[in-house]
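J.: Supplied structure: target.json, JSON, C-alpha atoms.
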[["chain", "number", "residue", "atom", "x", "y", "z"],
["A", 99, "MET", "CA", 137.72, 153.01, 95.29],
["A", 100, "SER", "CA", 140.51, 155.49, 95.84],
["A", 101, "ALA", "CA", 138.01, 158.08, 97.01],
["A", 102, "SER", "CA", 136.83, 155.76, 99.74],
["A", 103, "LYS", "CA", 140.45, 155.35, 100.88],
["A", 104, "THR", "CA", 141.15, 159.05, 101.29],
["A", 105, "THR", "CA", 137.86, 160.50, 102.43],
["A", 106, "ASN", "CA", 137.88, 161.89, 105.96],
["A", 107, "PHE", "CA", 134.93, 160.81, 108.08],
["A", 108, "THR", "CA", 134.08, 159.78, 111.60],
["A", 109, "ASN", "CA", 131.32, 157.27, 110.91],
["A", 110, "PRO", "CA", 131.22, 156.24, 107.25],
["A", 111, "SER", "CA", 127.85, 155.50, 105.70],
["A", 112, "THR", "CA", 129.21, 152.24, 104.27],
["A", 113, "PHE", "CA", 132.09, 149.82, 104.65],
["A", 114, "ILE", "CA", 133.64, 147.81, 101.83],
["A", 115, "LEU", "CA", 134.23, 144.11, 102.53],
["A", 116, "LEU", "CA", 136.96, 142.63, 100.34],
["A", 117, "GLY", "CA", 136.03, 138.97, 100.81],
["A", 118, "ILE", "CA", 139.25, 136.93, 100.88],
["A", 119, "PRO", "CA", 142.04, 139.48, 100.15],
["A", 120, "GLY", "CA", 144.48, 138.20, 97.56],
["A", 121, "LEU", "CA", 142.16, 135.41, 96.43],
["A", 122, "GLU", "CA", 139.55, 137.52, 94.64],
["A", 123, "ALA", "CA", 140.06, 135.59, 91.40],
["A", 124, "ALA", "CA", 139.13, 132.37, 93.19],
["A", 125, "HIS", "CA", 136.00, 133.70, 94.92],
["A", 126, "ILE", "CA", 133.67, 131.68, 92.70],
["A", 127, "TRP", "CA", 135.52, 128.46, 93.50],
["A", 128, "ILE", "CA", 135.77, 129.31, 97.20],
["A", 129, "SER", "CA", 132.01, 129.84, 97.28],
["A", 130, "ILE", "CA", 131.32, 126.19, 96.36],
["A", 131, "PRO", "CA", 132.41, 124.57, 99.67],
["A", 132, "PHE", "CA", 130.98, 127.54, 101.59],
["A", 133, "ARG", "CA", 127.58, 127.07, 99.96],
["A", 134, "ALA", "CA", 127.74, 123.31, 100.59],
["A", 135, "MET", "CA", 128.58, 123.82, 104.29],
["A", 136, "TYR", "CA", 125.75, 126.33, 104.67],
["A", 137, "ALA", "CA", 123.25, 123.98, 103.01],
["A", 138, "ILE", "CA", 124.32, 121.12, 105.29],
["A", 139, "ALA", "CA", 124.07, 123.40, 108.35],
["A", 140, "LEU", "CA", 120.55, 124.53, 107.41],
["A", 141, "LEU", "CA", 119.29, 121.04, 106.59],
["A", 142, "GLY", "CA", 120.95, 119.39, 109.59],
["A", 143, "ASN", "CA", 119.89, 121.91, 112.23],
["A", 144, "PHE", "CA", 116.32, 122.22, 110.98],
["A", 145, "THR", "CA", 116.14, 118.39, 110.98],
["A", 146, "ILE", "CA", 117.37, 118.29, 114.59],
["A", 147, "LEU", "CA", 114.72, 120.86, 115.60],
["A", 148, "PHE", "CA", 111.98, 118.96, 113.75],
["A", 149, "ILE", "CA", 112.90, 115.58, 115.25],
["A", 150, "ILE", "CA", 113.06, 116.89, 118.82],
["A", 151, "LYS", "CA", 109.80, 118.83, 118.43],
["A", 152, "THR", "CA", 107.85, 115.87, 117.02],
["A", 153, "GLU", "CA", 109.26, 113.15, 119.30],
["A", 154, "PRO", "CA", 107.86, 113.41, 122.86],
["A", 155, "SER", "CA", 110.48, 111.00, 124.23],
["A", 156, "LEU", "CA", 113.16, 113.57, 123.37],
["A", 157, "HIS", "CA", 111.62, 116.32, 125.49],
["A", 158, "GLU", "CA", 114.46, 116.15, 128.02],
["A", 159, "PRO", "CA", 117.05, 118.70, 129.19],
["A", 160, "MET", "CA", 119.85, 117.44, 126.93],
["A", 161, "PHE", "CA", 117.68, 117.74, 123.83],
["A", 162, "PHE", "CA", 116.30, 121.12, 124.88],
["A", 163, "PHE", "CA", 119.90, 122.32, 125.07],
["A", 164, "LEU", "CA", 120.50, 120.72, 121.68],
["A", 165, "CYS", "CA", 117.58, 122.76, 120.29],
["A", 166, "MET", "CA", 119.18, 125.93, 121.67],
["A", 167, "LEU", "CA", 122.46, 124.92, 120.04],
["A", 168, "ALA", "CA", 120.75, 124.35, 116.69],
["A", 169, "ILE", "CA", 119.08, 127.77, 116.82],
["A", 170, "THR", "CA", 122.34, 129.56, 117.64],
["A", 171, "ASP", "CA", 124.08, 127.67, 114.81],
["A", 172, "LEU", "CA", 121.38, 128.75, 112.36],
["A", 173, "VAL", "CA", 121.60, 132.39, 113.43],
["A", 174, "THR", "CA", 125.41, 132.47, 113.40],
["A", 175, "SER", "CA", 125.73, 130.97, 109.92],
["A", 176, "THR", "CA", 122.85, 133.01, 108.46],
["A", 177, "THR", "CA", 124.32, 136.23, 109.85],
["A", 178, "THR", "CA", 127.48, 135.81, 107.77],
["A", 179, "LEU", "CA", 127.02, 133.42, 104.84],
["A", 180, "PRO", "CA", 124.47, 135.28, 102.66],
["A", 181, "LYS", "CA", 126.66, 138.39, 102.60],
["A", 182, "MET", "CA", 129.78, 136.31, 101.94],
["A", 183, "LEU", "CA", 128.12, 134.62, 98.98],
["A", 184, "SER", "CA", 126.95, 137.97, 97.59],
["A", 185, "ILE", "CA", 130.59, 139.11, 97.68],
["A", 186, "PHE", "CA", 131.83, 135.90, 96.05],
["A", 187, "TRP", "CA", 129.11, 135.76, 93.38],
["A", 188, "PHE", "CA", 128.12, 139.34, 92.60],
["A", 189, "ASN", "CA", 131.05, 141.38, 93.96],
["A", 190, "SER", "CA", 128.49, 143.09, 96.23],
["A", 191, "ARG", "CA", 131.00, 144.39, 98.75],
["A", 192, "GLU", "CA", 129.21, 147.34, 100.31],
["A", 193, "ILE", "CA", 127.63, 147.04, 103.74],
["A", 194, "SER", "CA", 126.11, 149.93, 105.65],
["A", 195, "PHE", "CA", 127.80, 151.13, 108.83],
["A", 196, "SER", "CA", 124.81, 150.11, 110.99],
["A", 197, "ALA", "CA", 124.44, 146.74, 109.24],
["A", 198, "CYS", "CA", 128.16, 146.05, 109.79],
["A", 199, "LEU", "CA", 127.92, 146.77, 113.53],
["A", 200, "THR", "CA", 124.73, 144.69, 113.75],
["A", 201, "GLN", "CA", 126.46, 141.77, 112.04],
["A", 202, "LEU", "CA", 129.44, 142.21, 114.36],
["A", 203, "TYR", "CA", 127.15, 142.07, 117.39],
["A", 204, "PHE", "CA", 125.20, 139.01, 116.26],
["A", 205, "ILE", "CA", 128.33, 137.04, 115.36],
["A", 206, "HIS", "CA", 130.01, 137.54, 118.72],
["A", 207, "CYS", "CA", 126.80, 137.36, 120.76],
["A", 208, "PHE", "CA", 125.66, 134.04, 119.33],
["A", 209, "SER", "CA", 129.19, 132.60, 119.37],
["A", 210, "ALA", "CA", 129.28, 133.35, 123.11],
["A", 211, "MET", "CA", 125.80, 131.87, 123.48],
["A", 212, "GLU", "CA", 126.92, 128.72, 121.67],
["A", 213, "SER", "CA", 129.84, 128.34, 124.05],
["A", 214, "GLY", "CA", 127.51, 128.78, 127.04],
["A", 215, "ILE", "CA", 125.12, 126.15, 125.73],
["A", 216, "LEU", "CA", 127.96, 123.64, 125.42],
["A", 217, "MET", "CA", 128.85, 124.44, 129.04],
["A", 218, "ALA", "CA", 125.22, 123.81, 130.05],
["A", 219, "MET", "CA", 125.27, 120.51, 128.17],
["A", 220, "ALA", "CA", 128.42, 119.55, 130.08],
["A", 221, "LEU", "CA", 126.51, 120.28, 133.30],
["A", 222, "ASP", "CA", 123.68, 118.06, 132.06],
["A", 223, "ARG", "CA", 126.12, 115.20, 131.35],
["A", 224, "TYR", "CA", 127.68, 115.64, 134.81],
["A", 225, "VAL", "CA", 124.32, 115.43, 136.59],
["A", 226, "ALA", "CA", 123.16, 112.51, 134.41],
["A", 227, "ILE", "CA", 126.29, 110.45, 135.10],
["A", 228, "CYS", "CA", 127.28, 111.49, 138.62],
["A", 229, "HIS", "CA", 123.77, 111.95, 140.07],
["A", 230, "PRO", "CA", 121.49, 109.86, 137.80],
["A", 231, "LEU", "CA", 118.71, 109.40, 140.36],
["A", 232, "ARG", "CA", 118.43, 113.16, 140.91],
["A", 233, "HIS", "CA", 118.76, 114.21, 137.27],
["A", 234, "SER", "CA", 115.06, 114.79, 136.67],
["A", 235, "THR", "CA", 114.65, 116.75, 139.90],
["A", 236, "ILE", "CA", 117.76, 118.91, 139.45],
["A", 237, "LEU", "CA", 117.38, 119.77, 135.76],
["A", 238, "THR", "CA", 113.66, 120.42, 135.51],
["A", 239, "ASN", "CA", 112.11, 122.23, 132.56],
["A", 240, "SER", "CA", 111.96, 125.48, 134.53],
["A", 241, "VAL", "CA", 115.67, 125.18, 135.41],
["A", 242, "VAL", "CA", 116.52, 124.59, 131.75],
["A", 243, "VAL", "CA", 114.53, 127.71, 130.76],
["A", 244, "LYS", "CA", 116.30, 129.77, 133.43],
["A", 245, "ILE", "CA", 119.70, 128.54, 132.25],
["A", 246, "GLY", "CA", 118.77, 129.44, 128.66],
["A", 247, "LEU", "CA", 117.65, 132.95, 129.67],
["A", 248, "ALA", "CA", 120.80, 133.45, 131.74],
["A", 249, "LEU", "CA", 122.96, 132.51, 128.73],
["A", 250, "VAL", "CA", 121.03, 134.90, 126.47],
["A", 251, "LEU", "CA", 121.43, 137.76, 128.96],
["A", 252, "ARG", "CA", 125.11, 137.03, 129.57],
["A", 253, "SER", "CA", 125.93, 136.91, 125.87],
["A", 254, "GLY", "CA", 123.77, 139.90, 124.97],
["A", 255, "ILE", "CA", 125.09, 142.18, 127.71],
["A", 256, "LEU", "CA", 128.78, 141.25, 127.52],
["A", 257, "THR", "CA", 128.83, 141.59, 123.71],
["A", 258, "LEU", "CA", 127.04, 144.96, 123.67],
["A", 259, "PRO", "CA", 130.24, 147.04, 124.24],
["A", 260, "TYR", "CA", 131.65, 145.72, 120.95],
["A", 261, "PRO", "CA", 129.37, 147.74, 118.63],
["A", 262, "LEU", "CA", 128.99, 150.61, 121.11],
["A", 263, "LEU", "CA", 132.75, 151.18, 121.27],
["A", 264, "ALA", "CA", 133.21, 150.58, 117.54],
["A", 265, "ARG", "CA", 130.59, 153.25, 116.80],
["A", 266, "GLN", "CA", 132.63, 155.84, 118.73],
["A", 267, "TRP", "CA", 135.89, 155.40, 116.84],
["A", 268, "PRO", "CA", 136.77, 157.59, 113.83],
["A", 269, "TYR", "CA", 137.54, 155.80, 110.56],
["A", 270, "CYS", "CA", 139.42, 158.56, 108.75],
["A", 271, "ARG", "CA", 141.97, 156.46, 106.85],
["A", 272, "THR", "CA", 139.76, 154.02, 105.00],
["A", 273, "ASN", "CA", 136.40, 152.30, 105.04],
["A", 274, "ILE", "CA", 137.76, 149.14, 103.41],
["A", 275, "ILE", "CA", 137.70, 146.06, 105.66],
["A", 276, "PRO", "CA", 140.06, 143.32, 104.41],
["A", 277, "HIS", "CA", 137.70, 140.58, 105.53],
["A", 278, "SER", "CA", 134.65, 138.64, 104.38],
["A", 279, "TYR", "CA", 132.44, 139.82, 107.26],
["A", 280, "CYS", "CA", 132.44, 142.47, 109.99],
["A", 281, "ARG", "CA", 134.55, 140.80, 112.61],
["A", 282, "HIS", "CA", 135.35, 142.90, 115.68],
["A", 283, "ILE", "CA", 139.13, 142.93, 115.35],
["A", 284, "ALA", "CA", 138.94, 143.51, 111.57],
["A", 285, "VAL", "CA", 136.79, 146.62, 112.07],
["A", 286, "LEU", "CA", 139.04, 147.94, 114.84],
["A", 287, "LYS", "CA", 142.15, 147.69, 112.67],
["A", 288, "ILE", "CA", 140.88, 150.35, 110.26],
["A", 289, "ALA", "CA", 140.09, 152.89, 113.00],
["A", 290, "CYS", "CA", 142.48, 155.87, 113.07],
["A", 291, "THR", "CA", 142.72, 156.24, 116.83],
["A", 292, "ASP", "CA", 143.95, 154.38, 119.88],
["A", 293, "ILE", "CA", 141.74, 151.30, 120.13],
["A", 294, "SER", "CA", 143.34, 149.88, 123.28],
["A", 295, "ILE", "CA", 140.04, 149.94, 125.17],
["A", 296, "SER", "CA", 138.27, 147.82, 122.54],
["A", 297, "SER", "CA", 141.26, 145.51, 122.18],
["A", 298, "TYR", "CA", 141.55, 144.92, 125.91],
["A", 299, "TYR", "CA", 137.79, 144.43, 126.21],
["A", 300, "GLY", "CA", 137.96, 141.88, 123.41],
["A", 301, "LEU", "CA", 140.53, 139.89, 125.38],
["A", 302, "PHE", "CA", 138.43, 140.29, 128.54],
["A", 303, "HIS", "CA", 135.38, 138.99, 126.64],
["A", 304, "LEU", "CA", 137.37, 136.07, 125.27],
["A", 305, "PHE", "CA", 138.64, 134.93, 128.67],
["A", 306, "SER", "CA", 135.57, 135.82, 130.77],
["A", 307, "VAL", "CA", 133.13, 134.06, 128.44],
["A", 308, "PHE", "CA", 135.00, 131.35, 126.57],
["A", 309, "GLY", "CA", 137.65, 130.92, 129.26],
["A", 310, "MET", "CA", 135.05, 130.51, 131.98],
["A", 311, "ASP", "CA", 133.02, 128.10, 129.85],
["A", 312, "VAL", "CA", 136.10, 125.99, 129.08],
["A", 313, "PHE", "CA", 137.00, 125.96, 132.79],
["A", 314, "PHE", "CA", 133.56, 124.68, 133.88],
["A", 315, "ILE", "CA", 133.50, 122.17, 131.01],
["A", 316, "ALA", "CA", 136.91, 120.89, 132.12],
["A", 317, "VAL", "CA", 135.74, 120.60, 135.75],
["A", 318, "SER", "CA", 132.56, 118.79, 134.66],
["A", 319, "TYR", "CA", 134.46, 116.28, 132.55],
["A", 320, "THR", "CA", 137.07, 115.73, 135.25],
["A", 321, "LEU", "CA", 134.27, 114.74, 137.63],
["A", 322, "ILE", "CA", 132.59, 112.70, 134.90],
["A", 323, "LEU", "CA", 135.78, 110.77, 134.10],
["A", 324, "ARG", "CA", 136.37, 110.13, 137.80],
["A", 325, "ALA", "CA", 132.83, 108.71, 138.09],
["A", 326, "ILE", "CA", 133.31, 106.59, 134.94],
["A", 327, "PHE", "CA", 136.57, 105.04, 136.17],
["A", 328, "ARG", "CA", 134.84, 104.07, 139.42],
["A", 329, "LEU", "CA", 132.32, 101.90, 137.56],
["A", 330, "PRO", "CA", 132.84, 98.18, 138.24],
["A", 331, "THR", "CA", 133.23, 96.85, 134.68],
["A", 332, "LYS", "CA", 134.93, 97.96, 131.47],
["A", 333, "ASP", "CA", 131.67, 97.55, 129.55],
["A", 334, "ALA", "CA", 129.87, 99.93, 131.91],
["A", 335, "GLN", "CA", 132.73, 102.42, 131.66],
["A", 336, "LEU", "CA", 132.72, 102.32, 127.86],
["A", 337, "LYS", "CA", 128.93, 102.57, 127.61],
["A", 338, "THR", "CA", 128.85, 105.59, 129.90],
["A", 339, "PHE", "CA", 131.76, 107.26, 128.15],
["A", 340, "ARG", "CA", 130.02, 106.88, 124.79],
["A", 341, "THR", "CA", 127.21, 109.12, 126.00],
["A", 342, "CYS", "CA", 129.77, 111.97, 126.28],
["A", 343, "ILE", "CA", 131.60, 111.54, 122.97],
["A", 344, "SER", "CA", 129.14, 113.63, 120.92],
["A", 345, "HIS", "CA", 129.32, 116.53, 123.31],
["A", 346, "PHE", "CA", 133.10, 116.35, 123.59],
["A", 347, "CYS", "CA", 133.45, 116.43, 119.78],
["A", 348, "ALA", "CA", 131.12, 119.45, 119.63],
["A", 349, "ILE", "CA", 133.27, 121.28, 122.19],
["A", 350, "LEU", "CA", 136.43, 120.63, 120.17],
["A", 351, "ALA", "CA", 134.73, 121.73, 116.94],
["A", 352, "LEU", "CA", 133.86, 125.11, 118.47],
["A", 353, "HIS", "CA", 136.58, 126.09, 120.93],
["A", 354, "ILE", "CA", 139.80, 125.00, 119.22],
["A", 355, "PRO", "CA", 139.18, 126.89, 115.93],
["A", 356, "ASP", "CA", 137.73, 129.86, 117.83],
["A", 357, "LEU", "CA", 140.75, 130.25, 120.10],
["A", 358, "LEU", "CA", 143.20, 129.75, 117.22],
["A", 359, "SER", "CA", 141.38, 132.33, 115.10],
["A", 360, "SER", "CA", 141.16, 134.88, 117.92],
["A", 361, "PHE", "CA", 144.85, 134.68, 118.78],
["A", 362, "THR", "CA", 146.12, 134.59, 115.19],
["A", 363, "GLN", "CA", 144.02, 137.65, 114.31],
["A", 364, "ARG", "CA", 145.58, 139.57, 117.21],
["A", 365, "PHE", "CA", 149.13, 138.26, 117.27],
["A", 366, "GLY", "CA", 149.72, 136.58, 113.90],
["A", 367, "GLN", "CA", 151.46, 139.50, 112.17],
["A", 368, "ASN", "CA", 153.55, 137.15, 110.03],
["A", 369, "VAL", "CA", 150.63, 135.00, 108.91],
["A", 370, "PRO", "CA", 149.32, 135.82, 105.38],
["A", 371, "VAL", "CA", 146.11, 137.89, 105.46],
["A", 372, "HIS", "CA", 144.27, 135.60, 103.05],
["A", 373, "PHE", "CA", 144.93, 132.61, 105.35],
["A", 374, "LEU", "CA", 143.69, 134.49, 108.44],
["A", 375, "VAL", "CA", 140.50, 135.62, 106.68],
["A", 376, "LEU", "CA", 139.84, 132.24, 105.09],
["A", 377, "PHE", "CA", 140.34, 130.46, 108.42],
["A", 378, "ALA", "CA", 138.11, 132.95, 110.25],
["A", 379, "SER", "CA", 135.41, 132.52, 107.59],
["A", 380, "VAL", "CA", 135.53, 128.73, 107.61],
["A", 381, "TYR", "CA", 135.49, 128.32, 111.40],
["A", 382, "LEU", "CA", 132.15, 130.15, 111.64],
["A", 383, "LEU", "CA", 130.59, 127.52, 109.38],
["A", 384, "VAL", "CA", 132.28, 124.36, 110.61],
["A", 385, "PRO", "CA", 130.50, 124.04, 114.01],
["A", 386, "PRO", "CA", 126.98, 124.68, 112.56],
["A", 387, "MET", "CA", 127.69, 122.06, 109.91],
["A", 388, "LEU", "CA", 129.28, 119.49, 112.24],
["A", 389, "HIS", "CA", 126.94, 119.71, 115.25],
["A", 390, "PRO", "CA", 123.88, 118.09, 113.60],
["A", 391, "ILE", "CA", 126.14, 115.44, 112.02],
["A", 392, "ILE", "CA", 127.83, 114.68, 115.35],
["A", 393, "TYR", "CA", 124.59, 114.49, 117.32],
["A", 394, "GLY", "CA", 122.65, 112.80, 114.52],
["A", 395, "VAL", "CA", 125.21, 110.01, 114.19],
["A", 396, "ARG", "CA", 126.28, 109.63, 117.82],
["A", 397, "THR", "CA", 122.95, 110.12, 119.64],
["A", 398, "LYS", "CA", 120.93, 106.90, 119.45],
["A", 399, "GLN", "CA", 117.53, 108.50, 120.08],
["A", 400, "ILE", "CA", 117.95, 111.00, 117.23],
["A", 401, "ARG", "CA", 119.48, 108.41, 114.91],
["A", 402, "ASP", "CA", 116.63, 105.94, 115.52],
["A", 403, "ARG", "CA", 113.98, 108.65, 115.03],
["A", 404, "LEU", "CA", 115.62, 109.75, 111.79],
["A", 405, "LEU", "CA", 115.75, 106.16, 110.50],
["A", 406, "ARG", "CA", 112.09, 105.67, 111.36],
["A", 407, "LEU", "CA", 111.27, 108.87, 109.51],
["A", 408, "PHE", "CA", 113.05, 107.70, 106.36],
["A", 409, "ASN", "CA", 111.58, 104.19, 106.57],
["A", 410, "HIS", "CA", 108.11, 105.66, 106.95],
["A", 411, "LYS", "CA", 108.60, 107.77, 103.80],
["A", 412, "GLU", "CA", 109.81, 104.74, 101.83],
["A", 413, "THR", "CA", 106.76, 102.68, 102.80]]
How would this structure read if it were set down as structure tokens?
T.:
Amino acid sequence: MSASKTTNFTNPSTFILLGIPGLEAAHIWISIPFRAMYAIALLGNFTILFIIKTEPSLHEPMFFFLCMLAITDLVTSTTTLPKMLSIFWFNSREISFSACLTQLYFIHCFSAMESGILMAMALDRYVAICHPLRHSTILTNSVVVKIGLALVLRSGILTLPYPLLARQWPYCRTNIIPHSYCRHIAVLKIACTDISISSYYGLFHLFSVFGMDVFFIAVSYTLILRAIFRLPTKDAQLKTFRTCISHFCAILALHIPDLLSSFTQRFGQNVPVHFLVLFASVYLLVPPMLHPIIYGVRTKQIRDRLLRLFNHKET
């Protein structure tokens, strides 16, 4: 281990991931809730995809966006969790330089894609509530496909500088990353050069992607709430508002932990490292686990289809 700390190199062949620094003795116990969250995320998101695929009545824009969300959740969690569990269970800490940068790219790319999908779902709710008679003509299948492709291109292109810049930096002090996965800021911190460009680009990416998404979501919900309060009866207002609760909960589950984690990683010098790493590891798994639960419980069409599926199996 000491050799890896003192070796001089520009691009190391491998990095060493420490898992949760300071809590190595508890890795086995920490792995239990992580494994449970991953299992719930896999089961829940595959169930959502199966139900929407097999139920023709759910072939609508909102559910197409929900399919996109389920796929991004599966990719995001699968990009990180298997390696985390190998660290927790087998102390398999090595990860190749290329694999680390690939993991870094996929994590940030699909997190940005997830945020964009939630923005698109907010647009769908706005059109459905504020322009219900034009919903089917505005959000056609071709428009949904174009929105999906635009989100993929935006996320893929804007995230690409992360690994490209990280590949250029020399890592002459150490190849040990005090983290459970190859997060952008965690990799940058072990570079032995001025990383201002990458740091500033990270902030630009945060505000241009997540900031823009949050802005359009806020505008959409402001217009939605204005339309709801104009409805003639309290029952109509409550019924319409209920159609937005699932999506609003999904937004909170993603953006609040993401923003807290991003800012504490950059500016939380007095926060214990094990807390920062544990929080950053958990927040990647919480949205993929919660989204199918939120939409499965709160969305009547999915809930009814799931109940019919279970009743059919029992009979």
J.: Residues of segment 141-160 of chain A that have any atom at most 12 Å from an atom of segment 207-221 of chain A: could you tabulate them with the shortest-distance atom pair and the distance in Å to one decimal, using all atoms listed in the file, ordered by chain and increasing number, as a tab-separated table?
T.:
residue	atom	partner	partner_atom	distance
A:Glu158	CA	A:Met219	CA	11.7
A:Pro159	CA	A:Met219	CA	8.5
A:Met160	CA	A:Met219	CA	6.4
J.: Nearest to Gln266 of chain A among A:Leu199, A:Leu304, A:Ile146, A:Val395, with distances taken over all atoms listed in the file: which residue is it?
T.: A:Leu199
J.: Do you know which residues are at most 8 Å from segment 179-181 of chain A counting only C-alpha atoms, after dropping those on the same chain fewer than 2 positions away, and could you put them as number ranges by chain?
T.: A: 132, 136, 175-177, 183-185, 279
J.: Using only C-alpha atoms, give me every residue within 12 Å of (128.0, 140.9, 122.8) in file coordinates, as a count of residues only.
T.: 35
J.: As JSON, what would the box around segment 310-317 of chain A look like: edges along x, y and z, 3 Å added on every side, centre and edge lengths in Å to one decimal?
T.:
{"center_x": 135.0, "center_y": 125.6, "center_z": 132.4, "size_x": 10.0, "size_y": 15.9, "size_z": 12.7}
J.: Under the rule that all atoms listed in the file are counted, which of A:Leu115, A:Ile275, A:Ile236, A:Leu141 is the nearest residue to Ser190 of chain A?
T.: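 Selected residue with least distance to Ser190 of chain A: A:Leu115.
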J.: Need to verify the contact set: Ala289 of chain A, 9 Å, only C-alpha atoms, exclusion of same-chain residues closer than 5 positions in sequence. Can you return it as a ChimeraX atom specification?
T.: /A:264,267-273
J.: Calculated over all atoms listed in the file, which of the candidates A:Val241, A:Cys342, A:Ala248, A:Cys280 has the smallest distance to Ala378 of chain A?
T.: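 Result for the nearest residue to Ala378 of chain A: A:Cys280.
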J.: Which residue out of A:Pro110, A:His353, A:Ile288, A:Tyr224 has the minimum interatomic distance to Pro385 of chain A when all atoms listed in the file are used?
T.: A:His353
J.: Nearest to Leu321 of chain A among A:Ile400, A:Val173, A:Val225, A:Leu336, with distances taken over only C-alpha atoms: which residue is it?
T.: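 Counting only C-alpha atoms, the residue closest to Leu321 of chain A is A:Val225.
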J.: Given only C-alpha atoms as the basis, pick out the residue of A:Ile149, A:Lys244, A:Pro355, A:His233 nearest to Arg406 of chain A.
T.: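 Comparing A:Ile149, A:Lys244, A:Pro355, A:His233 against Arg406 of chain A, the winner is A:Ile149.
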J.: Would you kindly return, as a PyMOL selection string, each protein, DNA or RNA residue with an atom no farther than 8 Å from any atom of Val242 of chain A, considering only C-alpha atoms and excluding same-chain residues fewer than 3 positions away?
T.: chain A and resi 159+162-163+237-239+245-246
J.: At what distance in Å, to one decimal, does atom CA of Asp311 of chain A lie from atom CA of Leu147 of chain A?
T.: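 About the pair atom CA of Leu147 of chain A and atom CA of Asp311 of chain A: they are 24.3 Å apart.
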J.: In Å, rounded to a single decimal, give me how far atom CA of Met387 of chain A is from atom CA of Thr362 of chain A.
T.: 22.9 Å
J.: So how many Å separate atom CA of Phe186 of chain A and atom CA of Pro119 of chain A, to one decimal?
T.: 11.6 Å
J.: Which protein, DNA or RNA residues are at most 12 Å from (126.9, 107.5, 126.9) in the file's coordinates when you count only C-alpha atoms, listed as a compact mmCIF listing (two decimals) with C-alpha atoms, keeping the file's coordinate frame?
T.:
# COMPACT_ATOMS: atom_id res chain seq x y z
CA ARG A 223 126.12 115.20 131.35
CA TYR A 224 127.68 115.64 134.81
CA ALA A 226 123.16 112.51 134.41
CA ILE A 227 126.29 110.45 135.10
CA ILE A 322 132.59 112.70 134.90
CA LEU A 323 135.78 110.77 134.10
CA ILE A 326 133.31 106.59 134.94
CA ASP A 333 131.67 97.55 129.55
CA ALA A 334 129.87 99.93 131.91
CA GLN A 335 132.73 102.42 131.66
CA LEU A 336 132.72 102.32 127.86
CA LYS A 337 128.93 102.57 127.61
CA THR A 338 128.85 105.59 129.90
CA PHE A 339 131.76 107.26 128.15
CA ARG A 340 130.02 106.88 124.79
CA THR A 341 127.21 109.12 126.00
CA CYS A 342 129.77 111.97 126.28
CA ILE A 343 131.60 111.54 122.97
CA SER A 344 129.14 113.63 120.92
CA HIS A 345 129.32 116.53 123.31
CA PHE A 346 133.10 116.35 123.59
CA ARG A 396 126.28 109.63 117.82
CA THR A 397 122.95 110.12 119.64
CA LYS A 398 120.93 106.90 119.45
CA GLN A 399 117.53 108.50 120.08
